[in-house]
file start.tsv (TSV, C-alpha atoms)
chain	number	residue	atom	x	y	z
A	1	MET	CA	72.89	-51.13	42.52
A	2	ALA	CA	72.00	-48.55	39.86
A	3	THR	CA	73.77	-45.21	39.69
A	4	ILE	CA	71.65	-42.34	40.95
A	5	PRO	CA	71.32	-39.57	38.33
A	6	SER	CA	72.38	-36.03	39.20
A	7	ALA	CA	69.83	-33.95	41.13
A	8	GLN	CA	68.37	-32.21	38.07
A	9	ASP	CA	68.14	-35.44	36.04
A	10	GLN	CA	65.89	-37.28	38.50
A	11	TRP	CA	62.33	-37.80	37.20
A	12	TYR	CA	59.60	-39.64	39.09
A	13	VAL	CA	56.06	-40.79	38.41
A	14	VAL	CA	53.80	-39.85	41.32
A	15	GLN	CA	50.43	-41.53	41.82
A	16	VAL	CA	47.70	-39.06	42.75
A	17	LEU	CA	43.92	-39.07	43.14
A	18	SER	CA	42.42	-39.69	39.71
A	19	GLY	CA	40.55	-36.72	38.27
A	20	GLN	CA	42.46	-34.29	40.49
A	21	GLU	CA	45.81	-34.30	38.69
A	22	SER	CA	45.65	-30.66	37.60
A	23	ARG	CA	44.56	-29.42	41.04
A	24	ILE	CA	47.34	-31.36	42.78
A	25	CYS	CA	49.90	-30.16	40.23
A	26	GLU	CA	48.90	-26.51	40.75
A	27	ASN	CA	48.95	-27.04	44.53
A	28	ILE	CA	52.51	-28.39	44.33
A	29	ARG	CA	53.65	-25.49	42.12
A	30	ARG	CA	52.13	-22.95	44.51
A	31	ARG	CA	53.70	-24.62	47.55
A	32	VAL	CA	57.10	-24.80	45.81
A	33	ASP	CA	57.04	-20.99	45.58
A	34	LEU	CA	55.65	-20.44	49.08
A	35	GLU	CA	58.00	-22.86	50.82
A	36	GLU	CA	61.01	-21.96	48.67
A	37	MET	CA	61.51	-25.48	47.29
A	38	SER	CA	62.58	-24.48	43.77
A	39	ASP	CA	66.13	-25.62	44.57
A	40	LEU	CA	64.79	-29.18	44.96
A	41	ILE	CA	61.64	-29.40	42.80
A	42	TYR	CA	62.18	-28.28	39.22
A	43	GLU	CA	59.15	-29.30	37.15
A	44	VAL	CA	55.69	-30.79	37.65
A	45	ILE	CA	53.77	-32.09	34.62
A	46	VAL	CA	50.28	-33.44	34.02
A	47	PRO	CA	50.72	-35.31	30.72
A	48	GLN	CA	47.75	-34.37	28.55
A	49	GLU	CA	46.74	-33.71	24.98
A	50	ARG	CA	44.21	-31.46	23.24
A	51	VAL	CA	41.38	-33.41	21.65
A	52	ALA	CA	38.50	-32.29	19.47
A	53	GLU	CA	35.15	-33.90	20.12
A	54	VAL	CA	31.54	-33.34	19.22
A	55	ARG	CA	28.94	-32.96	21.95
A	56	ALA	CA	25.34	-32.07	21.23
A	57	GLY	CA	26.28	-31.27	17.65
A	58	GLN	CA	28.95	-28.75	18.67
A	59	ARG	CA	32.68	-29.22	18.03
A	60	ARG	CA	34.68	-28.60	21.21
A	61	GLU	CA	38.28	-28.90	22.26
A	62	ALA	CA	39.23	-30.34	25.62
A	63	ASN	CA	42.30	-31.59	27.50
A	64	ARG	CA	42.54	-35.35	27.99
A	65	LYS	CA	45.08	-36.89	30.34
A	66	PHE	CA	47.01	-39.79	28.90
A	67	PHE	CA	48.25	-41.08	32.27
A	68	PRO	CA	45.12	-40.63	34.44
A	69	GLY	CA	45.97	-40.75	38.14
A	70	TYR	CA	49.64	-39.81	37.65
A	71	ILE	CA	51.81	-36.71	37.45
A	72	ILE	CA	55.46	-36.54	36.39
A	73	MET	CA	57.97	-34.68	38.55
A	74	ASN	CA	61.56	-33.58	38.06
A	75	MET	CA	63.03	-33.20	41.55
A	76	HIS	CA	66.04	-33.93	43.73
A	77	LEU	CA	64.77	-36.79	45.86
A	78	LEU	CA	67.78	-39.11	46.17
A	79	ASN	CA	71.35	-38.27	47.12
A	80	GLU	CA	74.28	-39.96	45.36
A	81	ASP	CA	74.48	-42.49	48.22
A	82	ASN	CA	70.81	-43.49	47.60
A	83	THR	CA	69.50	-41.77	50.74
A	84	LEU	CA	66.32	-39.71	50.62
A	85	VAL	CA	66.40	-35.94	50.65
A	86	ASP	CA	64.08	-35.56	53.65
A	87	ARG	CA	62.88	-32.06	52.76
A	88	THR	CA	61.67	-33.18	49.30
A	89	TRP	CA	60.31	-36.53	50.53
A	90	TYR	CA	58.10	-34.99	53.22
A	91	PHE	CA	57.04	-32.13	50.95
A	92	ILE	CA	55.63	-34.61	48.41
A	93	ARG	CA	54.28	-37.15	50.93
A	94	ASP	CA	52.47	-34.38	52.84
A	95	THR	CA	50.80	-33.01	49.69
A	96	ASP	CA	47.03	-33.49	49.76
A	97	GLY	CA	45.99	-35.96	47.03
A	98	VAL	CA	49.38	-37.69	46.62
A	99	ILE	CA	49.07	-41.46	47.06
A	100	ASN	CA	52.57	-42.79	46.42
A	101	PHE	CA	55.46	-42.97	44.01
A	102	ALA	CA	54.63	-45.30	41.13
A	103	GLY	CA	56.28	-48.71	40.97
A	104	THR	CA	57.97	-48.62	44.37
A	105	LYS	CA	57.67	-50.54	47.59
A	106	GLY	CA	60.66	-48.98	49.37
A	107	ASN	CA	62.57	-45.91	48.31
A	108	PRO	CA	61.44	-44.48	44.97
A	109	LEU	CA	63.79	-44.91	42.04
A	110	PRO	CA	64.23	-42.26	39.35
A	111	MET	CA	63.09	-43.16	35.85
A	112	PRO	CA	65.86	-44.30	33.47
A	113	LYS	CA	67.11	-41.52	31.17
A	114	LYS	CA	65.82	-43.23	27.99
A	115	GLU	CA	62.32	-43.54	29.46
A	116	VAL	CA	62.36	-39.87	30.49
A	117	GLU	CA	63.46	-38.73	27.02
A	118	GLY	CA	60.78	-40.89	25.35
A	119	MET	CA	58.06	-39.73	27.71
A	120	LEU	CA	58.94	-36.04	27.33
A	121	ALA	CA	59.03	-36.41	23.53
A	122	GLN	CA	55.59	-38.07	23.64
A	123	ILE	CA	54.22	-35.25	25.82
A	124	ARG	CA	55.61	-32.56	23.48
A	125	GLU	CA	54.25	-34.38	20.42
A	126	ARG	CA	50.77	-34.75	21.88
A	127	GLN	CA	50.63	-31.12	23.01
A	128	SER	CA	51.70	-29.77	19.62
A	129	GLY	CA	48.26	-29.99	18.03
A	130	VAL	CA	44.64	-30.93	18.50
A	131	LYS	CA	43.97	-34.62	18.06
A	132	PRO	CA	40.48	-35.80	17.17
A	133	ALA	CA	38.82	-37.86	19.87
A	134	ILE	CA	37.56	-40.89	18.01
A	135	SER	CA	35.33	-43.53	19.49
A	136	PHE	CA	34.54	-45.51	16.36
A	137	GLU	CA	36.16	-47.89	13.93
A	138	ALA	CA	35.71	-49.17	10.38
A	139	GLY	CA	32.30	-50.79	9.90
A	140	ASP	CA	30.50	-48.61	12.46
A	141	SER	CA	27.23	-46.95	11.50
A	142	VAL	CA	27.39	-43.16	11.79
A	143	ILE	CA	25.26	-40.08	11.27
A	144	VAL	CA	26.77	-37.05	9.56
A	145	ASN	CA	26.20	-34.03	11.82
A	146	ASP	CA	27.83	-31.27	9.77
A	147	GLY	CA	28.27	-30.23	6.15
A	148	PRO	CA	26.29	-30.92	2.97
A	149	PHE	CA	25.49	-34.50	4.02
A	150	GLN	CA	24.16	-33.52	7.45
A	151	GLY	CA	21.51	-35.96	8.70
A	152	GLN	CA	22.61	-38.75	6.32
A	153	ASN	CA	23.37	-42.21	7.67
A	154	GLY	CA	26.49	-44.01	6.57
A	155	VAL	CA	29.06	-46.67	7.39
A	156	ILE	CA	32.72	-45.95	8.09
A	157	ALA	CA	34.78	-47.62	5.37
A	158	GLU	CA	38.19	-46.33	6.43
A	159	ILE	CA	39.88	-44.21	9.11
A	160	ASN	CA	42.85	-41.98	8.26
A	161	GLU	CA	44.31	-40.92	11.62
A	162	SER	CA	47.12	-38.83	10.14
A	163	LYS	CA	44.63	-36.57	8.31
A	164	GLY	CA	41.94	-36.76	11.00
A	165	GLU	CA	39.45	-38.04	8.44
A	166	VAL	CA	37.07	-40.94	7.95
A	167	LEU	CA	35.85	-42.30	4.65
A	168	VAL	CA	32.11	-42.82	5.00
A	169	SER	CA	29.92	-44.80	2.60
A	170	ILE	CA	26.71	-42.76	2.10
A	171	ASN	CA	23.74	-43.60	-0.13
A	172	ILE	CA	23.42	-40.69	-2.59
A	173	PHE	CA	20.72	-40.95	-5.31
A	174	GLY	CA	20.50	-44.72	-4.81
A	175	ARG	CA	24.25	-45.33	-5.08
A	176	GLU	CA	26.80	-45.96	-2.33
A	177	THR	CA	29.37	-43.16	-2.48
A	178	LEU	CA	32.53	-42.81	-0.40
A	179	VAL	CA	32.72	-39.36	1.18
A	180	PRO	CA	35.78	-38.09	3.13
A	181	LEU	CA	34.74	-36.32	6.35
A	182	GLU	CA	36.59	-35.03	9.38
A	183	TYR	CA	36.16	-36.97	12.65
A	184	TRP	CA	34.08	-34.28	14.27
A	185	GLN	CA	31.60	-34.28	11.39
A	186	VAL	CA	30.23	-37.72	12.29
A	187	GLU	CA	28.90	-39.41	15.38
A	188	LEU	CA	27.92	-42.99	16.13
A	189	GLY	CA	24.42	-43.71	14.92
call {"tool": "encode", "arguments": {"input": "start.tsv", "output": "structure tokens"}}
result
Amino acid sequence: MATIPSAQDQWYVVQVLSGQESRICENIRRRVDLEEMSDLIYEVIVPQERVAEVRAGQRREANRKFFPGYIIMNMHLLNEDNTLVDRTWYFIRDTDGVINFAGTKGNPLPMPKKEVEGMLAQIRERQSGVKPAISFEAGDSVIVNDGPFQGQNGVIAEINESKGEVLVSINIFGRETLVPLEYWQVELG
């Protein structure tokens, strides 16, 4: 049997109603304060990232969840002898919108420390900046919707994710010319 981590090192993935992750997370945080559960529930996270997308010709930023239907919780749920902490168990199970603990049939098991560290690093990395929301790949036909080539049709020759750019082949004065554009400057045509 695996060793149970200390109370503050226990992290769990909780399955919730998809599309309601933020509402359920805020509900849990509010109830933690009201019911004085901060000694047992330490952190509640909705893993998400900022993405830039173009809608109706306008560049917008939005949050996108990268584990839809799940929240991540740091809480004291198991004692050292692998018994449930009833107060925490019923608090979570009685929360509106919570379905179950992910990957369990019996008692939930905390995530291994390496998985927790990797997941938290991924969350921090994705929250550090705005990532372009791309829905195209090399070879796709696009229309430029911003800049000096606005209204021109082209074909994506290359995608550079690290720079957030695409290299688009556009016909300029009868010649195919490669033009670097940012993701949000083009849309599928």
call {"tool": "residues_around", "arguments": {"input": "start.tsv", "residues": "range 25-33 of chain A", "least_positions_apart": "3", "cutoff": "8 Å", "atoms": "all atoms listed in the file", "output": "list of chain:residue names"}}
result
A:Glu21, A:Ser22, A:Glu36, A:Met37, A:Ser38, A:Ile41, A:Val44, A:Ile45, A:Val46, A:Ile71, A:Thr95
call {"tool": "write_last_selection", "arguments": {"input": "start.tsv", "atoms": "C-alpha atoms", "output": "short mmCIF file (atom, residue, chain, number, x, y, z; two decimals), keeping the file's coordinate frame"}}
result
data_model
loop_
_atom_site.label_atom_id
_atom_site.label_comp_id
_atom_site.auth_asym_id
_atom_site.auth_seq_id
_atom_site.Cartn_x
_atom_site.Cartn_y
_atom_site.Cartn_z
CA GLU A 21 45.81 -34.30 38.69
CA SER A 22 45.65 -30.66 37.60
CA GLU A 36 61.01 -21.96 48.67
CA MET A 37 61.51 -25.48 47.29
CA SER A 38 62.58 -24.48 43.77
CA ILE A 41 61.64 -29.40 42.80
CA VAL A 44 55.69 -30.79 37.65
CA ILE A 45 53.77 -32.09 34.62
CA VAL A 46 50.28 -33.44 34.02
CA ILE A 71 51.81 -36.71 37.45
CA THR A 95 50.80 -33.01 49.69
#
call {"tool": "atom_distance", "arguments": {"input": "start.tsv", "atom1": "CA of Val144 in chain A", "atom2": "CA of Phe173 in chain A"}}
result
16.5 Å
call {"tool": "closest_residue", "arguments": {"input": "start.tsv", "among": "A:Ile24, A:Val13, A:Thr3, A:Asp39", "to": "Glu115 in chain A", "atoms": "all atoms listed in the file"}}
result
A:Val13
call {"tool": "axis_aligned_box", "arguments": {"input": "start.tsv", "around": "range 155-158 of chain A", "padding_each_side": "6 Å", "output": "lines of an AutoDock Vina configuration file"}}
result
center_x = 33.6
center_y = -46.8
center_z = 6.7
size_x = 21.1
size_y = 13.7
size_z = 14.7
call {"tool": "residues_around", "arguments": {"input": "start.tsv", "residues": "range 7-10 of chain A", "least_positions_apart": "5", "cutoff": "7 Å", "atoms": "all atoms listed in the file", "output": "PyMOL selection string"}}
result
chain A and resi 74-76+110
call {"tool": "residues_around", "arguments": {"input": "start.tsv", "residues": "Leu17 in chain A", "least_positions_apart": "3", "cutoff": "9 Å", "atoms": "only C-alpha atoms", "output": "JSON, numbers by chain"}}
result
{"A": [20, 21, 24, 68, 69, 70, 97, 98, 99]}
call {"tool": "write_last_selection", "arguments": {"input": "start.tsv", "atoms": "C-alpha atoms", "output": "compact mmCIF listing (two decimals), in the coordinates of the input"}}
result
# COMPACT_ATOMS: atom_id res chain seq x y z
CA GLN A 20 42.46 -34.29 40.49
CA GLU A 21 45.81 -34.30 38.69
CA ILE A 24 47.34 -31.36 42.78
CA PRO A 68 45.12 -40.63 34.44
CA GLY A 69 45.97 -40.75 38.14
CA TYR A 70 49.64 -39.81 37.65
CA GLY A 97 45.99 -35.96 47.03
CA VAL A 98 49.38 -37.69 46.62
CA ILE A 99 49.07 -41.46 47.06
call {"tool": "closest_residue", "arguments": {"input": "start.tsv", "among": "A:Val142, A:Glu137, A:Glu117, A:Leu178", "to": "Ile159 in chain A", "atoms": "all atoms listed in the file"}}
result
A:Glu137
call {"tool": "closest_residue", "arguments": {"input": "start.tsv", "among": "A:Gly154, A:Gly189, A:Pro148, A:Gly164", "to": "Thr177 in chain A", "atoms": "only C-alpha atoms"}}
result
A:Gly154
call {"tool": "atom_distance", "arguments": {"input": "start.tsv", "atom1": "CA of Lys105 in chain A", "atom2": "CA of Arg23 in chain A"}}
result
25.7 Å
call {"tool": "closest_residue", "arguments": {"input": "start.tsv", "among": "A:Val155, A:Glu165, A:Gly174, A:Ile72", "to": "Val16 in chain A", "atoms": "all atoms listed in the file"}}
result
A:Ile72
call {"tool": "closest_residue", "arguments": {"input": "start.tsv", "among": "A:Ile123, A:Leu77, A:Ala157, A:Ile172", "to": "Arg50 in chain A", "atoms": "all atoms listed in the file"}}
result
A:Ile123
call {"tool": "closest_residue", "arguments": {"input": "start.tsv", "among": "A:Asn107, A:Thr83, A:Gln48, A:Leu181", "to": "Phe149 in chain A", "atoms": "only C-alpha atoms"}}
result
A:Leu181
call {"tool": "atom_distance", "arguments": {"input": "start.tsv", "atom1": "CA of Gly147 in chain A", "atom2": "CA of Leu188 in chain A"}}
result
16.2 Å
call {"tool": "residues_around", "arguments": {"input": "start.tsv", "residues": "Gly103 in chain A", "least_positions_apart": "5", "cutoff": "10 Å", "atoms": "all atoms listed in the file", "output": "PyMOL selection string"}}
result
chain A and resi 12-15+108-109
call {"tool": "residues_around", "arguments": {"input": "start.tsv", "residues": "Gln185 in chain A", "least_positions_apart": "3", "cutoff": "6 Å", "atoms": "all atoms listed in the file", "output": "list in words"}}
result
Val144, Asn145, Asp146 and Glu182 of chain A
call {"tool": "build_atoms", "arguments": {"input": "start.tsv", "residues": "range 8-21 of chain A", "atoms": "N, CA and C atoms", "output": "PDB file, in the coordinates of the input"}}
result
ATOM      1  N   GLN A   8      69.291 -32.768  39.056  1.00  0.00           N
ATOM      2  CA  GLN A   8      68.370 -32.210  38.070  1.00  0.00           C
ATOM      3  C   GLN A   8      67.940 -33.215  37.005  1.00  0.00           C
ATOM      4  N   ASP A   9      68.509 -34.410  37.014  1.00  0.00           N
ATOM      5  CA  ASP A   9      68.140 -35.440  36.040  1.00  0.00           C
ATOM      6  C   ASP A   9      67.257 -36.522  36.649  1.00  0.00           C
ATOM      7  N   GLN A  10      66.750 -36.287  37.842  1.00  0.00           N
ATOM      8  CA  GLN A  10      65.890 -37.280  38.500  1.00  0.00           C
ATOM      9  C   GLN A  10      64.424 -36.972  38.182  1.00  0.00           C
ATOM     10  N   TRP A  11      63.745 -37.924  37.540  1.00  0.00           N
ATOM     11  CA  TRP A  11      62.330 -37.800  37.200  1.00  0.00           C
ATOM     12  C   TRP A  11      61.581 -38.953  37.850  1.00  0.00           C
ATOM     13  N   TYR A  12      60.406 -38.638  38.390  1.00  0.00           N
ATOM     14  CA  TYR A  12      59.600 -39.640  39.090  1.00  0.00           C
ATOM     15  C   TYR A  12      58.150 -39.571  38.627  1.00  0.00           C
ATOM     16  N   VAL A  13      57.490 -40.720  38.680  1.00  0.00           N
ATOM     17  CA  VAL A  13      56.060 -40.790  38.410  1.00  0.00           C
ATOM     18  C   VAL A  13      55.390 -40.871  39.774  1.00  0.00           C
ATOM     19  N   VAL A  14      54.467 -39.935  40.023  1.00  0.00           N
ATOM     20  CA  VAL A  14      53.800 -39.850  41.320  1.00  0.00           C
ATOM     21  C   VAL A  14      52.326 -40.173  41.130  1.00  0.00           C
ATOM     22  N   GLN A  15      51.845 -41.161  41.886  1.00  0.00           N
ATOM     23  CA  GLN A  15      50.430 -41.530  41.820  1.00  0.00           C
ATOM     24  C   GLN A  15      49.623 -40.563  42.678  1.00  0.00           C
ATOM     25  N   VAL A  16      48.554 -40.030  42.068  1.00  0.00           N
ATOM     26  CA  VAL A  16      47.700 -39.060  42.750  1.00  0.00           C
ATOM     27  C   VAL A  16      46.242 -39.481  42.584  1.00  0.00           C
ATOM     28  N   LEU A  17      45.341 -38.790  43.273  1.00  0.00           N
ATOM     29  CA  LEU A  17      43.920 -39.070  43.140  1.00  0.00           C
ATOM     30  C   LEU A  17      43.473 -38.815  41.700  1.00  0.00           C
ATOM     31  N   SER A  18      42.856 -39.811  41.095  1.00  0.00           N
ATOM     32  CA  SER A  18      42.420 -39.690  39.710  1.00  0.00           C
ATOM     33  C   SER A  18      41.361 -38.607  39.567  1.00  0.00           C
ATOM     34  N   GLY A  19      41.474 -37.814  38.511  1.00  0.00           N
ATOM     35  CA  GLY A  19      40.550 -36.720  38.270  1.00  0.00           C
ATOM     36  C   GLY A  19      40.969 -35.425  38.947  1.00  0.00           C
ATOM     37  N   GLN A  20      42.011 -35.483  39.781  1.00  0.00           N
ATOM     38  CA  GLN A  20      42.460 -34.290  40.490  1.00  0.00           C
ATOM     39  C   GLN A  20      43.916 -33.948  40.162  1.00  0.00           C
ATOM     40  N   GLU A  21      44.415 -34.500  39.065  1.00  0.00           N
ATOM     41  CA  GLU A  21      45.810 -34.300  38.690  1.00  0.00           C
ATOM     42  C   GLU A  21      46.169 -32.828  38.539  1.00  0.00           C
TER      43      GLU A  21
END
